[in-house]
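Enquirer: First, the structure itself, so that you have it in front of you.
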Amino acid sequence: MIIKSHIIVLSKIKYKDHDLIVRAYTKHRGAVSYLIKGGLKSSKANRSKVVYFQPLMQLSVEENYKSNQSLHYLKDIKSSYIYKTLYANVYKSAIVLFLSELLSNILKEEEQNEGLFHFIETAFQYLDNEEHYANFHILFLLKLSRYLGFQPDKSKGESDFFNLQLGSFEAFSTGSYSVSGKNLTLLKQLLGINFDELTSIKMNGQERQDFLSMLLLYFELHLEGFRKPKSLTVLSEVFR
């Protein structure tokens, strides 16, 4: 069955000698894998084809879908949004590398979630056009937690601690997963704001790194099998 779809590329890996397996998040079916036959062959046609499969590329495709197969085939590929800065800017590229790896690791279900697709789509279009983006990945992760089912509970937001394991604020520290101090202040500031308000949040490189480490622990506590992206090292070097 030939169907049209919008997809966001999450990752690609080499398969056999010249093929690629591309993992993507789709508007109508969630996470899907595609087999790109001959994608690594040296012909001009194949080189131009591979360009489409950069991390977080937004594509409009026609695919040959068969419900009994785990790998599907693309018949037609077009860009649905052409990034102007994401791959040319070293700082934005580090964010893209980090978040695409994280999304590839946690988005596994072949299940429709148009809200999540729209969030990812619009967030990276915003990043592409934004000049102030040092804290983008932090707010992205906080907002992503909503779609994954463990958004921090903002009730009792006046409290002096936040429990990472419970995902809620609390009046007293209850152990090693209770957050206070600067991380708590930043969390309260970030909850509820939109990307266009990020310039109001001030943090230096160390504060950003500390807060990101806390957020990754939060994800680890709430997502079974969660792994810290290997590209975290690159991101930390770029934004230190």
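Following the order of the structure tokens, chains are lettered A, B, ..., residues in each are numbered from 1, and ligands are numbered from 1.
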For Leu212 of chain A, list every protein, DNA or RNA residue within 10 Å, evaluated using only C-alpha atoms, and leave out those in the same chain fewer than 6 positions away; present the list as a PyMOL selection string.

Expert: chain A and resi 135+137-139+141+183+206+218+232+236

Enquirer: Write the residues of the selection above to a file with all heavy atoms, as a compact mmCIF listing (two decimals), in the first residue's frame.

Expert:
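New file selection.txt:
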# COMPACT_ATOMS: atom_id res chain seq x y z
N ASN A 135 20.11 27.60 25.83
CA ASN A 135 19.31 26.82 26.77
C ASN A 135 18.17 26.06 26.08
O ASN A 135 17.31 25.50 26.76
CB ASN A 135 18.72 27.73 27.85
CG ASN A 135 19.81 28.42 28.66
OD1 ASN A 135 20.86 27.85 28.92
ND2 ASN A 135 19.56 29.67 29.04
N HIS A 137 18.01 23.18 24.45
CA HIS A 137 17.91 21.74 24.70
C HIS A 137 17.35 21.44 26.09
O HIS A 137 16.69 20.43 26.31
CB HIS A 137 19.26 21.05 24.51
CG HIS A 137 20.39 21.65 25.29
ND1 HIS A 137 20.88 22.91 25.05
CD2 HIS A 137 21.13 21.15 26.31
CE1 HIS A 137 21.87 23.17 25.87
NE2 HIS A 137 22.03 22.13 26.65
N ILE A 138 17.59 22.34 27.03
CA ILE A 138 17.09 22.14 28.39
C ILE A 138 15.57 22.29 28.43
O ILE A 138 14.85 21.44 28.98
CB ILE A 138 17.78 23.13 29.34
CG1 ILE A 138 19.23 22.68 29.58
CG2 ILE A 138 17.03 23.26 30.66
CD1 ILE A 138 20.05 23.64 30.38
N LEU A 139 15.06 23.36 27.81
CA LEU A 139 13.61 23.54 27.79
C LEU A 139 12.94 22.48 26.91
O LEU A 139 11.85 22.01 27.22
CB LEU A 139 13.25 24.94 27.28
CG LEU A 139 11.76 25.31 27.35
CD1 LEU A 139 11.23 25.17 28.78
CD2 LEU A 139 11.52 26.72 26.84
N LEU A 141 13.82 19.35 26.64
CA LEU A 141 13.68 18.14 27.45
C LEU A 141 12.55 18.27 28.47
O LEU A 141 11.78 17.32 28.68
CB LEU A 141 14.99 17.82 28.16
CG LEU A 141 16.15 17.36 27.28
CD1 LEU A 141 17.39 17.08 28.14
CD2 LEU A 141 15.78 16.12 26.49
N ASN A 183 19.41 24.64 41.06
CA ASN A 183 18.64 23.78 40.15
C ASN A 183 17.14 23.92 40.39
O ASN A 183 16.35 23.91 39.45
CB ASN A 183 19.06 22.32 40.30
CG ASN A 183 20.31 22.00 39.50
OD1 ASN A 183 20.72 22.76 38.64
ND2 ASN A 183 20.91 20.85 39.78
N GLN A 206 28.48 26.29 33.77
CA GLN A 206 28.44 25.27 34.81
C GLN A 206 27.02 25.03 35.30
O GLN A 206 26.61 23.89 35.52
CB GLN A 206 29.34 25.68 35.99
CG GLN A 206 29.50 24.61 37.05
CD GLN A 206 30.11 23.33 36.49
OE1 GLN A 206 31.19 23.36 35.92
NE2 GLN A 206 29.42 22.21 36.66
N TYR A 218 16.49 12.69 35.84
CA TYR A 218 15.03 12.67 35.88
C TYR A 218 14.48 11.72 34.81
O TYR A 218 13.60 10.90 35.07
CB TYR A 218 14.50 14.08 35.68
CG TYR A 218 13.01 14.24 35.83
CD1 TYR A 218 12.35 13.84 36.99
CD2 TYR A 218 12.25 14.81 34.81
CE1 TYR A 218 10.98 14.00 37.13
CE2 TYR A 218 10.89 14.97 34.94
CZ TYR A 218 10.25 14.56 36.10
OH TYR A 218 8.90 14.72 36.24
N LEU A 232 26.57 13.61 24.55
CA LEU A 232 26.55 14.55 25.68
C LEU A 232 27.92 15.17 25.88
O LEU A 232 28.04 16.35 26.22
CB LEU A 232 26.11 13.82 26.95
CG LEU A 232 26.14 14.63 28.25
CD1 LEU A 232 25.21 15.83 28.17
CD2 LEU A 232 25.75 13.74 29.43
N SER A 236 28.63 19.15 25.97
CA SER A 236 29.24 19.77 27.14
C SER A 236 30.47 20.58 26.77
O SER A 236 30.72 21.65 27.32
CB SER A 236 29.61 18.70 28.17
OG SER A 236 28.47 17.99 28.61

Enquirer: Set the distance at 12 Å and use only C-alpha atoms: which residues neighbour Glu207 of chain A once local chain neighbours fewer than 5 positions away are removed? I'd like the list as a count of residues only.

Expert: 18

Enquirer: Determine which residues of segment 41-226 of chain A receive a DSSP assignment of strand (DSSP E or B), computed from the backbone, and state them as JSON, numbers by chain.

Expert: {"A": [58, 59, 60, 61, 62, 63, 64, 71, 72, 73, 74, 75, 76, 77, 78, 79, 80, 81, 153, 161, 162, 163, 168, 169, 170, 178, 179]}

Enquirer: Restricting the calculation to only C-alpha atoms: of A:Lys188, A:Lys66, A:Arg146, A:Lys41, which residue gets closest to Met1 of chain A?

Expert: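 Of the candidates, the smallest distance to Met1 of chain A is held by A:Lys66.
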
Enquirer: Hey, which of A:Ser70, A:Ser180, A:Asp196, A:Glu220 ends up closest to Leu127 of chain A? Count only C-alpha atoms.

Expert: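 Looking only at the distances to Leu127 of chain A, the closest residue turns out to be A:Asp196.
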
Enquirer: Counting only C-alpha atoms, which of A:Ser79, A:Gln69, A:Gln125, A:Ser60 gets nearest to Lys92 of chain A?

Expert: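 Among the listed residues, the smallest separation from Lys92 of chain A belongs to A:Gln125.
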
Enquirer: So which residues touch His6 of chain A within 7 Å, counting only C-alpha atoms, skipping near sequence neighbours fewer than 5 positions away, as a ChimeraX atom specification?

Expert: /A:26-27,59-61

Enquirer: Name the residues in contact with Tyr87 of chain A at a cut-off of 12 Å, using only C-alpha atoms, excluding same-chain residues fewer than 2 positions from it; report them as number ranges by chain.

Expert: A: 51, 54-57, 82-85, 89-97, 124, 127-128

Enquirer: Can you write out the residues you just picked, keeping C-alpha atoms, as a compact mmCIF listing (two decimals), in the first residue's frame?

Expert:
# COMPACT_ATOMS: atom_id res chain seq x y z
CA VAL A 51 21.54 14.11 2.16
CA GLN A 54 20.64 14.04 8.32
CA PRO A 55 19.51 14.05 11.98
CA LEU A 56 16.11 15.70 12.48
CA MET A 57 15.51 16.39 8.78
CA ILE A 82 14.66 23.20 4.70
CA TYR A 83 16.90 24.17 7.61
CA LYS A 84 19.00 27.27 7.10
CA THR A 85 21.33 27.13 10.12
CA ASN A 89 26.24 26.38 13.05
CA VAL A 90 28.54 24.28 15.26
CA TYR A 91 26.56 25.04 18.42
CA LYS A 92 23.20 24.20 16.90
CA SER A 93 24.73 21.09 15.31
CA ALA A 94 25.82 19.89 18.77
CA ILE A 95 22.25 20.37 20.05
CA VAL A 96 20.85 18.50 17.04
CA LEU A 97 23.29 15.62 17.51
CA PHE A 124 13.42 22.57 15.60
CA LEU A 127 15.76 26.61 16.77
CA ASP A 128 16.68 27.00 13.10

Enquirer: Between atom CA of Phe150 of chain A and atom CA of Ser100 of chain A, what distance in Å does the model show, to one decimal?

Expert: 19.9 Å

Enquirer: Go ahead and compute the interatomic distance for atom CA of Gly167 of chain A and atom CA of Leu235 of chain A, in Å to one decimal.

Expert: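 Separation of atom CA of Gly167 of chain A and atom CA of Leu235 of chain A: 25.6 Å.
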
Enquirer: Between atom CA of Leu10 of chain A and atom CA of Lys49 of chain A, measure the distance and give it in Å to one decimal.

Expert: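 Straight-line distance from atom CA of Leu10 of chain A to atom CA of Lys49 of chain A works out to 16.0 Å.
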
Enquirer: Just want the 6 Å neighbourhood of Asp19 of chain A, counted on only C-alpha atoms, with same-chain residues fewer than 3 positions away dropped. Output as a PyMOL selection string.

Expert: chain A and resi 15+36-40

Enquirer: Please produce a file of the residues just selected, as a PDB file, in the first residue's frame, where the atoms kept are C-alpha atoms.

Expert:
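Okay, out15.pdb is ready:
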ATOM      1  CA  TYR A  15      23.203  -2.149   6.782  1.00  0.00           C
ATOM      2  CA  ILE A  36      17.222   2.566   1.934  1.00  0.00           C
ATOM      3  CA  LYS A  37      18.570   0.197  -0.701  1.00  0.00           C
ATOM      4  CA  GLY A  38      21.920   1.250  -2.154  1.00  0.00           C
ATOM      5  CA  GLY A  39      22.001   4.399  -0.053  1.00  0.00           C
ATOM      6  CA  LEU A  40      25.773   4.177   0.397  1.00  0.00           C
TER       7      LEU A  40
END

Enquirer: Here is a test: counting only C-alpha atoms, which residue of A:Ser67, A:Ser231, A:Gln58, A:Ser178 is nearest to Ile120 of chain A?

Expert: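 Using only C-alpha atoms, the shortest distance to Ile120 of chain A belongs to A:Gln58.
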
Enquirer: Can you list, as number ranges by chain, every residue of segment 5-156 of chain A that DSSP puts in alpha helix (DSSP H)?

Expert: A: 44-50, 90-106, 114-129, 136-148

Enquirer: Save out the residues we just selected, C-alpha atoms, as a PDB file, in the first residue's frame.

Expert:
ATOM      1  CA  LYS A  44      25.503  10.772  -7.754  1.00  0.00           C
ATOM      2  CA  ALA A  45      21.869   9.736  -7.300  1.00  0.00           C
ATOM      3  CA  ASN A  46      22.622   7.883  -4.081  1.00  0.00           C
ATOM      4  CA  ARG A  47      24.804  10.665  -2.678  1.00  0.00           C
ATOM      5  CA  SER A  48      21.941  13.111  -3.163  1.00  0.00           C
ATOM      6  CA  LYS A  49      19.563  10.621  -1.511  1.00  0.00           C
ATOM      7  CA  VAL A  50      21.678  10.334   1.649  1.00  0.00           C
ATOM      8  CA  VAL A  90      28.536  24.278  15.263  1.00  0.00           C
ATOM      9  CA  TYR A  91      26.563  25.045  18.425  1.00  0.00           C
ATOM     10  CA  LYS A  92      23.201  24.200  16.902  1.00  0.00           C
ATOM     11  CA  SER A  93      24.735  21.087  15.314  1.00  0.00           C
ATOM     12  CA  ALA A  94      25.818  19.893  18.768  1.00  0.00           C
ATOM     13  CA  ILE A  95      22.247  20.372  20.053  1.00  0.00           C
ATOM     14  CA  VAL A  96      20.852  18.500  17.044  1.00  0.00           C
ATOM     15  CA  LEU A  97      23.295  15.617  17.510  1.00  0.00           C
ATOM     16  CA  PHE A  98      22.466  15.330  21.214  1.00  0.00           C
ATOM     17  CA  LEU A  99      18.686  15.561  20.912  1.00  0.00           C
ATOM     18  CA  SER A 100      18.422  13.316  17.846  1.00  0.00           C
ATOM     19  CA  GLU A 101      20.373  10.607  19.674  1.00  0.00           C
ATOM     20  CA  LEU A 102      18.192  11.008  22.760  1.00  0.00           C
ATOM     21  CA  LEU A 103      14.967  10.893  20.724  1.00  0.00           C
ATOM     22  CA  SER A 104      16.171   7.871  18.765  1.00  0.00           C
ATOM     23  CA  ASN A 105      16.819   6.024  22.027  1.00  0.00           C
ATOM     24  CA  ILE A 106      13.481   6.768  23.683  1.00  0.00           C
ATOM     25  CA  GLU A 114       0.460  13.813  16.404  1.00  0.00           C
ATOM     26  CA  GLY A 115       0.954  16.133  19.377  1.00  0.00           C
ATOM     27  CA  LEU A 116       4.485  14.873  19.946  1.00  0.00           C
ATOM     28  CA  PHE A 117       5.262  15.006  16.222  1.00  0.00           C
ATOM     29  CA  HIS A 118       4.063  18.606  16.001  1.00  0.00           C
ATOM     30  CA  PHE A 119       6.091  19.554  19.090  1.00  0.00           C
ATOM     31  CA  ILE A 120       9.335  18.149  17.635  1.00  0.00           C
ATOM     32  CA  GLU A 121       8.614  19.648  14.210  1.00  0.00           C
ATOM     33  CA  THR A 122       7.914  23.176  15.430  1.00  0.00           C
ATOM     34  CA  ALA A 123      10.638  23.166  18.115  1.00  0.00           C
ATOM     35  CA  PHE A 124      13.424  22.570  15.598  1.00  0.00           C
ATOM     36  CA  GLN A 125      12.000  25.052  13.137  1.00  0.00           C
ATOM     37  CA  TYR A 126      12.145  27.551  15.990  1.00  0.00           C
ATOM     38  CA  LEU A 127      15.764  26.607  16.775  1.00  0.00           C
ATOM     39  CA  ASP A 128      16.678  27.002  13.103  1.00  0.00           C
ATOM     40  CA  ASN A 129      15.514  30.626  13.144  1.00  0.00           C
ATOM     41  CA  PHE A 136      17.100  25.404  24.013  1.00  0.00           C
ATOM     42  CA  HIS A 137      17.905  21.739  24.704  1.00  0.00           C
ATOM     43  CA  ILE A 138      17.086  22.143  28.394  1.00  0.00           C
ATOM     44  CA  LEU A 139      13.609  23.543  27.790  1.00  0.00           C
ATOM     45  CA  PHE A 140      13.091  20.995  25.003  1.00  0.00           C
ATOM     46  CA  LEU A 141      13.676  18.137  27.450  1.00  0.00           C
ATOM     47  CA  LEU A 142      11.353  19.637  30.049  1.00  0.00           C
ATOM     48  CA  LYS A 143       8.584  20.030  27.474  1.00  0.00           C
ATOM     49  CA  LEU A 144       9.283  16.567  26.040  1.00  0.00           C
ATOM     50  CA  SER A 145       8.588  15.026  29.459  1.00  0.00           C
ATOM     51  CA  ARG A 146       4.947  16.088  29.086  1.00  0.00           C
ATOM     52  CA  TYR A 147       4.507  13.962  25.953  1.00  0.00           C
ATOM     53  CA  LEU A 148       6.277  11.026  27.590  1.00  0.00           C
TER      54      LEU A 148
END

Enquirer: Within 9 Å of Leu164 of chain A, counting only C-alpha atoms, which residues qualify if same-chain residues fewer than 6 places away don't, as JSON, numbers by chain?

Expert: {"A": [152, 177, 178, 179, 214, 215, 217, 218, 221, 222]}

Enquirer: What lies within 10 Å of Asp153 of chain A using only C-alpha atoms, ignoring chain neighbours under 4 positions off, as an mmCIF file with N, CA and C atoms, in the first residue's frame?

Expert:
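Contents of the output file result-v7.cif:
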data_model
loop_
_atom_site.group_PDB
_atom_site.id
_atom_site.type_symbol
_atom_site.label_atom_id
_atom_site.label_comp_id
_atom_site.auth_asym_id
_atom_site.auth_seq_id
_atom_site.Cartn_x
_atom_site.Cartn_y
_atom_site.Cartn_z
ATOM 1 N N ARG A 146 6.419 16.059 29.110
ATOM 2 C CA ARG A 146 4.947 16.088 29.086
ATOM 3 C C ARG A 146 4.406 15.017 28.142
ATOM 4 N N GLY A 157 4.204 24.354 43.841
ATOM 5 C CA GLY A 157 5.424 24.915 43.254
ATOM 6 C C GLY A 157 6.140 25.912 44.132
ATOM 7 N N PHE A 162 12.255 19.709 45.143
ATOM 8 C CA PHE A 162 11.577 18.969 44.081
ATOM 9 C C PHE A 162 12.104 17.545 44.087
ATOM 10 N N LEU A 166 9.582 11.249 42.317
ATOM 11 C CA LEU A 166 8.124 11.399 42.332
ATOM 12 C C LEU A 166 7.629 12.380 41.278
ATOM 13 N N GLY A 167 8.520 13.259 40.818
ATOM 14 C CA GLY A 167 8.126 14.255 39.835
ATOM 15 C C GLY A 167 7.265 15.358 40.399
ATOM 16 N N SER A 168 7.460 15.677 41.685
ATOM 17 C CA SER A 168 6.612 16.687 42.325
ATOM 18 C C SER A 168 7.404 17.482 43.357
ATOM 19 N N PHE A 169 6.891 18.677 43.667
ATOM 20 C CA PHE A 169 7.509 19.517 44.687
ATOM 21 C C PHE A 169 7.123 19.011 46.072
ATOM 22 N N LEU A 191 9.610 26.023 34.117
ATOM 23 C CA LEU A 191 8.304 25.384 34.001
ATOM 24 C C LEU A 191 7.246 26.401 33.565
#
